[in-house]
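One structure below.
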Amino acid sequence: MNYIINKKIIALIISVLVITSCSNRFLEVEPKGSLIAQSLSDYDLLLNNLYVVYINSNAQVPMGDEVAAMEPYFTQANYRTQRLFRWDDVIYERNDDAPEFTNTMQNVYEFNKIINEVDNATDGTTIQKASLKAEAQAGRAWTYFLMINYFGLPYGANSATDLGFPIITNSDITQTVFKRATVKEVYDFIINDLTAAIPNLPAQTTSRLRMSKAAAEGILGKVYVFMGNYQEGLTWLNAAINDMGNSKIQVGLYDLQTATADDGVYGGTSVPAMTANIEELLVKQSTSYWSYINNELVLTPAAAALFDASDFRLKFYTDKTYGGSSYPVSGVLRKNRFSAFDFGVVVPDLYLLRAECACRLDDLAGAKTDVETLRQKRLPMADAGVPDSVSGNKIKLLNFILDERTREFAVTGTRWFDMRRLSTDPLFSSKSYVHTIYNEDGSSTQVSLRPERLVLRFPQKIVEQSTGLVNNP
């Protein structure tokens, strides 16, 4: 299925699923006009639109502990960035719309509409309807996985009682009462959606913009990792990596030695288009000028020091501001190429998650192989191996894998989600996190992460417009 924005889809989105910034309902949906989804192609078009792909949800980026703030740029940044970085309790003003809700709630409405209605489409076969329904179920699961990682506490011993996110299964925009399900209930909901969807999803990946069997298996594997169920995580990550080999389009890893050469896909200041990026199994993107032209967030000296000097990923960083000035602190690096980051189903994540599962299950050789599969595409072959001093020690290897995740995904928000899940892991639960704000003279102040801010509070506007929505402390 091609990614095409045409007059029919525009009319369908406008008529059926208009999202307005001044909406006064939790779902923020207002249907207008006379056009409604009837045929199979109408429902297909609901999945074939920009809002399903471009989520524009980036609150996680400033919260990771791999980034530091630099003055005077930090004080000049918008208050949302400053508050997220400081792990403040209140991020938004009373009348602010939160980007975390805008597209996500539209997508929940779309997915619910397809799930509930596509069986009654005026045309199409049973198999075609089941496939579209499966795409919507898996899409809803991915969206809920994002939302539970914003607004619910990390999965742990108290997940049966910890408050999660409201489970919305209908497309009734008149609904105003929203009771939060528990964290466990939300995870069960996600797993049920994915396990129901996977058998009916396309066995071959034909578009990075649409859900495939391999992509859904990858999501399910990641969900289990975040639950601390590494055996199930390994099972589904194995399935995802095996099935992505069945793709009709190229899916794999770029060799950055050639990809960052002058004539490579990352040559000069180039980046591959999202539809052509072979490391994307399922595209979900968000804007992030912190890795492009903004100067206020940089890699900490400790995070920057994780890279080997020969690492080709360092070509994506600079020690200068966007204007070319030097920072007053030695060792910091600014990511300087990507105006958007990808956080759907990406191939490096699959390999590193599988490596983590294998390590935790005492298959150190398998874990080493997966890490080196990635590193051989990121460093010269002579430097890509896992050090012998690390590869035979479970805890050292596990930490190496987690550091590799920071090297691979810095300034994309991945680290924030890892910090959350590791907070309930007995191996890491005692770890504390700080953010450093560097002044213009090189001095610094630090902010400590309180356990309460391992979860975002719901924006006050959403709480006031909804009945029964209990906020986080």
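Every chain in the structure tokens takes a letter, A first, then B, and so on in the order presented; its residues are numbered from 1, and the ligands are numbered from 1 following the presented order.
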Report task. Select from segment 293-390 of chain A everything DSSP, run on the backbone, classes as helix (DSSP H, G or I), then give the selection as a ChimeraX atom specification. Result -> /A:301-304,312-316,347-360,364-375,381-383,388-390
Can you write just those residues out, N, CA and C atoms, as a compact mmCIF listing (two decimals), in the first residue's frame?
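The result, written out as out-v5.txt:
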# COMPACT_ATOMS: atom_id res chain seq x y z
N PRO A 301 29.44 15.02 29.39
CA PRO A 301 30.79 14.48 29.16
C PRO A 301 30.85 12.97 29.37
N ALA A 302 30.10 12.46 30.37
CA ALA A 302 30.12 11.01 30.64
C ALA A 302 29.48 10.24 29.49
N ALA A 303 28.37 10.74 28.94
CA ALA A 303 27.72 10.06 27.83
C ALA A 303 28.59 10.14 26.57
N ALA A 304 29.20 11.29 26.34
CA ALA A 304 30.06 11.44 25.17
C ALA A 304 31.26 10.51 25.26
N PHE A 312 31.77 5.68 14.11
CA PHE A 312 31.25 6.51 13.02
C PHE A 312 30.02 7.31 13.45
N ARG A 313 29.36 6.92 14.52
CA ARG A 313 28.21 7.69 15.02
C ARG A 313 28.63 9.07 15.51
N LEU A 314 29.90 9.25 15.82
CA LEU A 314 30.38 10.56 16.25
C LEU A 314 30.29 11.60 15.12
N LYS A 315 30.14 11.14 13.89
CA LYS A 315 29.98 12.08 12.79
C LYS A 315 28.65 12.83 12.88
N PHE A 316 27.76 12.34 13.73
CA PHE A 316 26.46 12.99 13.92
C PHE A 316 26.49 14.01 15.05
N VAL A 347 15.45 -1.34 13.61
CA VAL A 347 16.24 -2.57 13.64
C VAL A 347 17.29 -2.56 14.75
N PRO A 348 18.05 -1.47 14.97
CA PRO A 348 19.03 -1.50 16.06
C PRO A 348 18.40 -1.81 17.42
N ASP A 349 17.19 -1.31 17.65
CA ASP A 349 16.50 -1.56 18.91
C ASP A 349 16.19 -3.05 19.06
N LEU A 350 15.77 -3.69 17.99
CA LEU A 350 15.46 -5.12 18.05
C LEU A 350 16.69 -5.92 18.45
N TYR A 351 17.82 -5.63 17.84
CA TYR A 351 19.04 -6.37 18.17
C TYR A 351 19.50 -6.12 19.60
N LEU A 352 19.42 -4.87 20.05
CA LEU A 352 19.89 -4.57 21.40
C LEU A 352 18.94 -5.11 22.46
N LEU A 353 17.64 -5.06 22.19
CA LEU A 353 16.69 -5.66 23.14
C LEU A 353 16.89 -7.17 23.21
N ARG A 354 17.11 -7.80 22.05
CA ARG A 354 17.33 -9.25 22.07
C ARG A 354 18.64 -9.59 22.78
N ALA A 355 19.66 -8.76 22.58
CA ALA A 355 20.92 -8.98 23.29
C ALA A 355 20.71 -8.89 24.80
N GLU A 356 19.91 -7.93 25.23
CA GLU A 356 19.64 -7.78 26.66
C GLU A 356 18.90 -9.00 27.21
N CYS A 357 17.91 -9.46 26.46
CA CYS A 357 17.17 -10.66 26.90
C CYS A 357 18.11 -11.86 27.01
N ALA A 358 18.93 -12.06 26.00
CA ALA A 358 19.85 -13.20 26.01
C ALA A 358 20.81 -13.11 27.20
N CYS A 359 21.32 -11.92 27.46
CA CYS A 359 22.25 -11.74 28.58
C CYS A 359 21.56 -12.05 29.91
N ARG A 360 20.38 -11.52 30.10
CA ARG A 360 19.66 -11.74 31.35
C ARG A 360 19.30 -13.21 31.54
N LEU A 364 25.27 -15.56 27.24
CA LEU A 364 26.19 -14.46 27.03
C LEU A 364 26.75 -14.46 25.61
N ALA A 365 26.93 -15.64 25.04
CA ALA A 365 27.44 -15.72 23.67
C ALA A 365 26.44 -15.13 22.68
N GLY A 366 25.16 -15.46 22.87
CA GLY A 366 24.12 -14.91 22.00
C GLY A 366 24.01 -13.40 22.15
N ALA A 367 24.13 -12.91 23.39
CA ALA A 367 24.08 -11.47 23.63
C ALA A 367 25.24 -10.77 22.95
N LYS A 368 26.43 -11.34 23.07
CA LYS A 368 27.62 -10.78 22.45
C LYS A 368 27.47 -10.72 20.94
N THR A 369 26.92 -11.76 20.35
CA THR A 369 26.74 -11.80 18.90
C THR A 369 25.83 -10.68 18.43
N ASP A 370 24.72 -10.46 19.14
CA ASP A 370 23.77 -9.41 18.72
C ASP A 370 24.36 -8.02 18.86
N VAL A 371 25.09 -7.77 19.95
CA VAL A 371 25.71 -6.45 20.13
C VAL A 371 26.74 -6.22 19.03
N GLU A 372 27.51 -7.24 18.74
CA GLU A 372 28.54 -7.08 17.72
C GLU A 372 27.95 -6.99 16.32
N THR A 373 26.80 -7.57 16.10
CA THR A 373 26.11 -7.40 14.81
C THR A 373 25.86 -5.92 14.54
N LEU A 374 25.44 -5.20 15.58
CA LEU A 374 25.23 -3.76 15.44
C LEU A 374 26.56 -3.01 15.37
N ARG A 375 27.47 -3.31 16.28
CA ARG A 375 28.71 -2.54 16.36
C ARG A 375 29.58 -2.70 15.10
N MET A 381 35.96 -2.70 11.96
CA MET A 381 35.89 -4.07 12.43
C MET A 381 36.85 -4.33 13.59
N ALA A 382 38.01 -3.71 13.56
CA ALA A 382 39.00 -3.94 14.61
C ALA A 382 38.54 -3.44 15.98
N ASP A 383 37.60 -2.51 15.99
CA ASP A 383 37.14 -1.91 17.24
C ASP A 383 35.73 -2.34 17.63
N ASP A 388 36.97 -8.62 25.84
CA ASP A 388 37.01 -9.90 26.54
C ASP A 388 36.72 -9.75 28.02
N SER A 389 37.13 -8.62 28.59
CA SER A 389 36.91 -8.39 30.01
C SER A 389 35.44 -8.21 30.35
N VAL A 390 34.62 -7.99 29.32
CA VAL A 390 33.19 -7.75 29.49
C VAL A 390 32.37 -8.96 29.09
Report task. Check the DSSP output for the backbone and give back, as a list of chain:residue names, the residues of segment 20-176 of chain A in strand (DSSP E or B). Result -> A:Glu30, A:Tyr54, A:Val67, A:Ala68, A:Ala69, A:Met70, A:Leu163, A:Gly164, A:Phe165, A:Pro166
Let's have the selection written as a tab-separated table (two decimals), in the first residue's frame, with C-alpha atoms.
chain	number	residue	atom	x	y	z
A	30	GLU	CA	-15.01	16.45	16.45
A	54	TYR	CA	4.18	11.66	12.45
A	67	VAL	CA	21.72	15.08	28.23
A	68	ALA	CA	22.92	18.19	30.06
A	69	ALA	CA	21.71	21.79	29.72
A	70	MET	CA	23.91	24.67	28.60
A	163	LEU	CA	-2.88	3.85	38.03
A	164	GLY	CA	-2.19	3.70	34.31
A	165	PHE	CA	-4.12	5.23	31.42
A	166	PRO	CA	-7.85	5.17	30.53
Query raised in the report: Between A:Leu297, A:Val53, A:Arg140, A:Ala134, which has the minimum distance to Ile437 of chain A (counting only C-alpha atoms)?
Result: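 Result for the nearest residue to Ile437 of chain A: A:Leu297.
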Query raised in the report: Can you list, as a ChimeraX atom specification, every protein, DNA or RNA residue that comes within 12 Å of segment 238-246 of chain A when you count only C-alpha atoms, leaving out same-chain residues fewer than 2 positions away?
Result: /A:198,201-208,211-222,230-236,248-253,278-282,345-355,357-358,366,370
Those residues you just picked out, can you put them in a file as a compact mmCIF listing (two decimals), in the first residue's frame with N, CA and C atoms?
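Below is the file result_16.txt, written as the result:
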# COMPACT_ATOMS: atom_id res chain seq x y z
N ILE A 198 -1.41 -10.20 15.36
CA ILE A 198 -0.27 -10.79 14.66
C ILE A 198 -0.65 -11.85 13.63
N LEU A 201 -1.82 -10.09 10.31
CA LEU A 201 -1.04 -9.03 9.70
C LEU A 201 -0.27 -9.55 8.49
N PRO A 202 0.09 -8.66 7.56
CA PRO A 202 0.86 -9.08 6.39
C PRO A 202 2.16 -9.76 6.79
N ALA A 203 2.40 -10.94 6.25
CA ALA A 203 3.60 -11.69 6.59
C ALA A 203 4.85 -11.03 6.05
N GLN A 204 4.70 -10.26 4.99
CA GLN A 204 5.83 -9.55 4.39
C GLN A 204 5.69 -8.05 4.61
N THR A 205 6.80 -7.42 4.93
CA THR A 205 6.81 -5.96 5.06
C THR A 205 6.93 -5.36 3.67
N THR A 206 5.93 -4.60 3.27
CA THR A 206 5.93 -3.97 1.95
C THR A 206 6.02 -2.46 2.04
N SER A 207 5.78 -1.89 3.22
CA SER A 207 5.85 -0.45 3.42
C SER A 207 6.27 -0.19 4.86
N ARG A 208 7.19 0.75 5.04
CA ARG A 208 7.61 1.12 6.39
C ARG A 208 6.55 1.93 7.11
N MET A 211 1.77 -1.30 9.32
CA MET A 211 2.11 -2.35 10.27
C MET A 211 2.25 -3.69 9.55
N SER A 212 3.28 -4.42 9.89
CA SER A 212 3.50 -5.77 9.37
C SER A 212 3.59 -6.74 10.55
N LYS A 213 3.61 -8.02 10.22
CA LYS A 213 3.73 -9.03 11.26
C LYS A 213 5.03 -8.86 12.04
N ALA A 214 6.13 -8.64 11.33
CA ALA A 214 7.42 -8.49 11.99
C ALA A 214 7.43 -7.28 12.92
N ALA A 215 6.83 -6.17 12.49
CA ALA A 215 6.80 -4.97 13.32
C ALA A 215 6.00 -5.21 14.60
N ALA A 216 4.84 -5.85 14.47
CA ALA A 216 4.01 -6.13 15.65
C ALA A 216 4.71 -7.08 16.60
N GLU A 217 5.41 -8.06 16.06
CA GLU A 217 6.17 -8.99 16.91
C GLU A 217 7.27 -8.23 17.65
N GLY A 218 7.91 -7.27 16.97
CA GLY A 218 8.92 -6.47 17.64
C GLY A 218 8.35 -5.63 18.77
N ILE A 219 7.17 -5.06 18.55
CA ILE A 219 6.52 -4.28 19.60
C ILE A 219 6.20 -5.17 20.80
N LEU A 220 5.66 -6.35 20.52
CA LEU A 220 5.29 -7.26 21.61
C LEU A 220 6.53 -7.70 22.39
N GLY A 221 7.63 -7.96 21.68
CA GLY A 221 8.86 -8.31 22.37
C GLY A 221 9.33 -7.20 23.29
N LYS A 222 9.23 -5.97 22.82
CA LYS A 222 9.66 -4.82 23.62
C LYS A 222 8.75 -4.64 24.83
N TYR A 230 11.74 -11.53 30.29
CA TYR A 230 12.75 -11.60 29.25
C TYR A 230 12.64 -12.85 28.39
N GLN A 231 12.07 -13.93 28.92
CA GLN A 231 11.88 -15.13 28.11
C GLN A 231 10.85 -14.88 27.01
N GLU A 232 9.71 -14.28 27.37
CA GLU A 232 8.72 -13.95 26.34
C GLU A 232 9.26 -12.87 25.41
N GLY A 233 10.00 -11.93 25.97
CA GLY A 233 10.60 -10.91 25.13
C GLY A 233 11.50 -11.52 24.08
N LEU A 234 12.34 -12.47 24.49
CA LEU A 234 13.25 -13.12 23.56
C LEU A 234 12.48 -13.88 22.48
N THR A 235 11.41 -14.54 22.86
CA THR A 235 10.62 -15.30 21.89
C THR A 235 10.10 -14.40 20.77
N TRP A 236 9.54 -13.27 21.14
CA TRP A 236 8.93 -12.39 20.14
C TRP A 236 9.96 -11.56 19.39
N LYS A 248 9.66 -7.46 1.54
CA LYS A 248 9.78 -7.16 0.12
C LYS A 248 10.61 -5.91 -0.11
N ILE A 249 10.80 -5.12 0.92
CA ILE A 249 11.67 -3.95 0.86
C ILE A 249 12.91 -4.24 1.70
N GLN A 250 13.97 -3.50 1.48
CA GLN A 250 15.20 -3.75 2.21
C GLN A 250 15.06 -3.30 3.66
N VAL A 251 15.35 -4.21 4.58
CA VAL A 251 15.33 -3.93 6.01
C VAL A 251 16.61 -4.48 6.60
N GLY A 252 17.32 -3.65 7.35
CA GLY A 252 18.58 -4.11 7.92
C GLY A 252 19.31 -2.98 8.62
N LEU A 253 20.62 -3.04 8.60
CA LEU A 253 21.46 -2.05 9.26
C LEU A 253 22.36 -1.37 8.24
N ILE A 278 16.51 1.98 5.64
CA ILE A 278 16.43 0.52 5.76
C ILE A 278 16.39 0.07 7.22
N GLU A 279 16.74 0.95 8.15
CA GLU A 279 16.70 0.56 9.56
C GLU A 279 15.33 0.74 10.17
N GLU A 280 14.36 1.20 9.38
CA GLU A 280 12.99 1.38 9.85
C GLU A 280 12.13 0.19 9.42
N LEU A 281 11.57 -0.50 10.41
CA LEU A 281 10.60 -1.56 10.12
C LEU A 281 9.19 -0.99 10.18
N LEU A 282 8.98 -0.03 11.07
CA LEU A 282 7.73 0.72 11.16
C LEU A 282 8.06 2.15 11.55
N VAL A 345 9.42 1.04 15.15
CA VAL A 345 10.14 -0.22 15.28
C VAL A 345 11.39 -0.09 14.43
N VAL A 346 12.53 0.01 15.10
CA VAL A 346 13.80 0.23 14.40
C VAL A 346 14.71 -0.97 14.63
N VAL A 347 15.45 -1.34 13.61
CA VAL A 347 16.24 -2.57 13.64
C VAL A 347 17.29 -2.56 14.75
N PRO A 348 18.05 -1.47 14.97
CA PRO A 348 19.03 -1.50 16.06
C PRO A 348 18.40 -1.81 17.42
N ASP A 349 17.19 -1.31 17.65
CA ASP A 349 16.50 -1.56 18.91
C ASP A 349 16.19 -3.05 19.06
N LEU A 350 15.77 -3.69 17.99
CA LEU A 350 15.46 -5.12 18.05
C LEU A 350 16.69 -5.92 18.45
N TYR A 351 17.82 -5.63 17.84
CA TYR A 351 19.04 -6.37 18.17
C TYR A 351 19.50 -6.12 19.60
N LEU A 352 19.42 -4.87 20.05
CA LEU A 352 19.89 -4.57 21.40
C LEU A 352 18.94 -5.11 22.46
N LEU A 353 17.64 -5.06 22.19
CA LEU A 353 16.69 -5.66 23.14
C LEU A 353 16.89 -7.17 23.21
N ARG A 354 17.11 -7.80 22.05
CA ARG A 354 17.33 -9.25 22.07
C ARG A 354 18.64 -9.59 22.78
N ALA A 355 19.66 -8.76 22.58
CA ALA A 355 20.92 -8.98 23.29
C ALA A 355 20.71 -8.89 24.80
N CYS A 357 17.91 -9.46 26.46
CA CYS A 357 17.17 -10.66 26.90
C CYS A 357 18.11 -11.86 27.01
N ALA A 358 18.93 -12.06 26.00
CA ALA A 358 19.85 -13.20 26.01
C ALA A 358 20.81 -13.11 27.20
N GLY A 366 25.16 -15.46 22.87
CA GLY A 366 24.12 -14.91 22.00
C GLY A 366 24.01 -13.40 22.15
N ASP A 370 24.72 -10.46 19.14
CA ASP A 370 23.77 -9.41 18.72
C ASP A 370 24.36 -8.02 18.86
Query raised in the report: Can you list, as a list in words, every protein, DNA or RNA residue that comes within 12 Å of Ser429 of chain A when you count only C-alpha atoms, leaving out same-chain residues fewer than 5 positions away?
Result: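 After dropping sequence-adjacent residues, the list is Pro154, Gly156, Asp418, Met419, Arg420, Arg421, Leu422, Ser423, Thr424 and Pro451 of chain A.
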Requested in this report: Rank A:Phe145, A:Phe74, A:Tyr79, A:Phe111 by their smallest atom-to-atom distance to Tyr51 of chain A, using only C-alpha atoms, and report the top residue only.
Outcome: A:Phe111
**Report entry** Contacts of Val183 of chain A within 9 Å, only C-alpha atoms, excl. fewer than 3 positions in-chain, as a ChimeraX atom specification
**Finding:** /A:148,152-156,158-165,180,186-188
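Nearest to Lys284 of chain A of all the residues A:Phe338, A:Trp142, A:Tyr317, A:Phe400 is A:Trp142, based on only C-alpha atoms.
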Query - Within 6 Å of Met63 of chain A using only C-alpha atoms, minus same-chain residues under 4 positions, as a PyMOL selection string - result: chain A and resi 84-85+416
If you keep N, CA and C atoms, can you produce a file of those selected residues as a compact mmCIF listing (two decimals), in the first residue's frame?
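Final output, again33.txt:
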# COMPACT_ATOMS: atom_id res chain seq x y z
N LEU A 84 10.58 20.13 31.53
CA LEU A 84 10.83 18.71 31.31
C LEU A 84 12.24 18.35 31.75
N PHE A 85 13.23 19.17 31.40
CA PHE A 85 14.60 18.87 31.79
C PHE A 85 14.78 18.88 33.30
N TRP A 416 15.25 7.87 28.48
CA TRP A 416 14.24 8.12 29.52
C TRP A 416 13.38 6.89 29.76
Requested in this report: Give me the residues within 9 Å of Tyr92 of chain A as an NGL selection string, counting only C-alpha atoms and dropping any in the same chain fewer than 3 places off.
Outcome: :A and (79-80 or 83 or 95-98 or 459-461)
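Between atom CA of Lys184 of chain A and atom CA of Thr169 of chain A the interatomic distance comes to 16.8 Å.
Nearest residue to Ile173 of chain A, choosing from A:Asn336, A:Gln106, A:Thr126, A:Asn294 and counting only C-alpha atoms: A:Gln106.
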Query - Straight-line distance linking atom CA of Glu66 of chain A with atom CA of Asp308 of chain A, stated in Å to one decimal - result: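 Distance between the two atoms: 16.3 Å.
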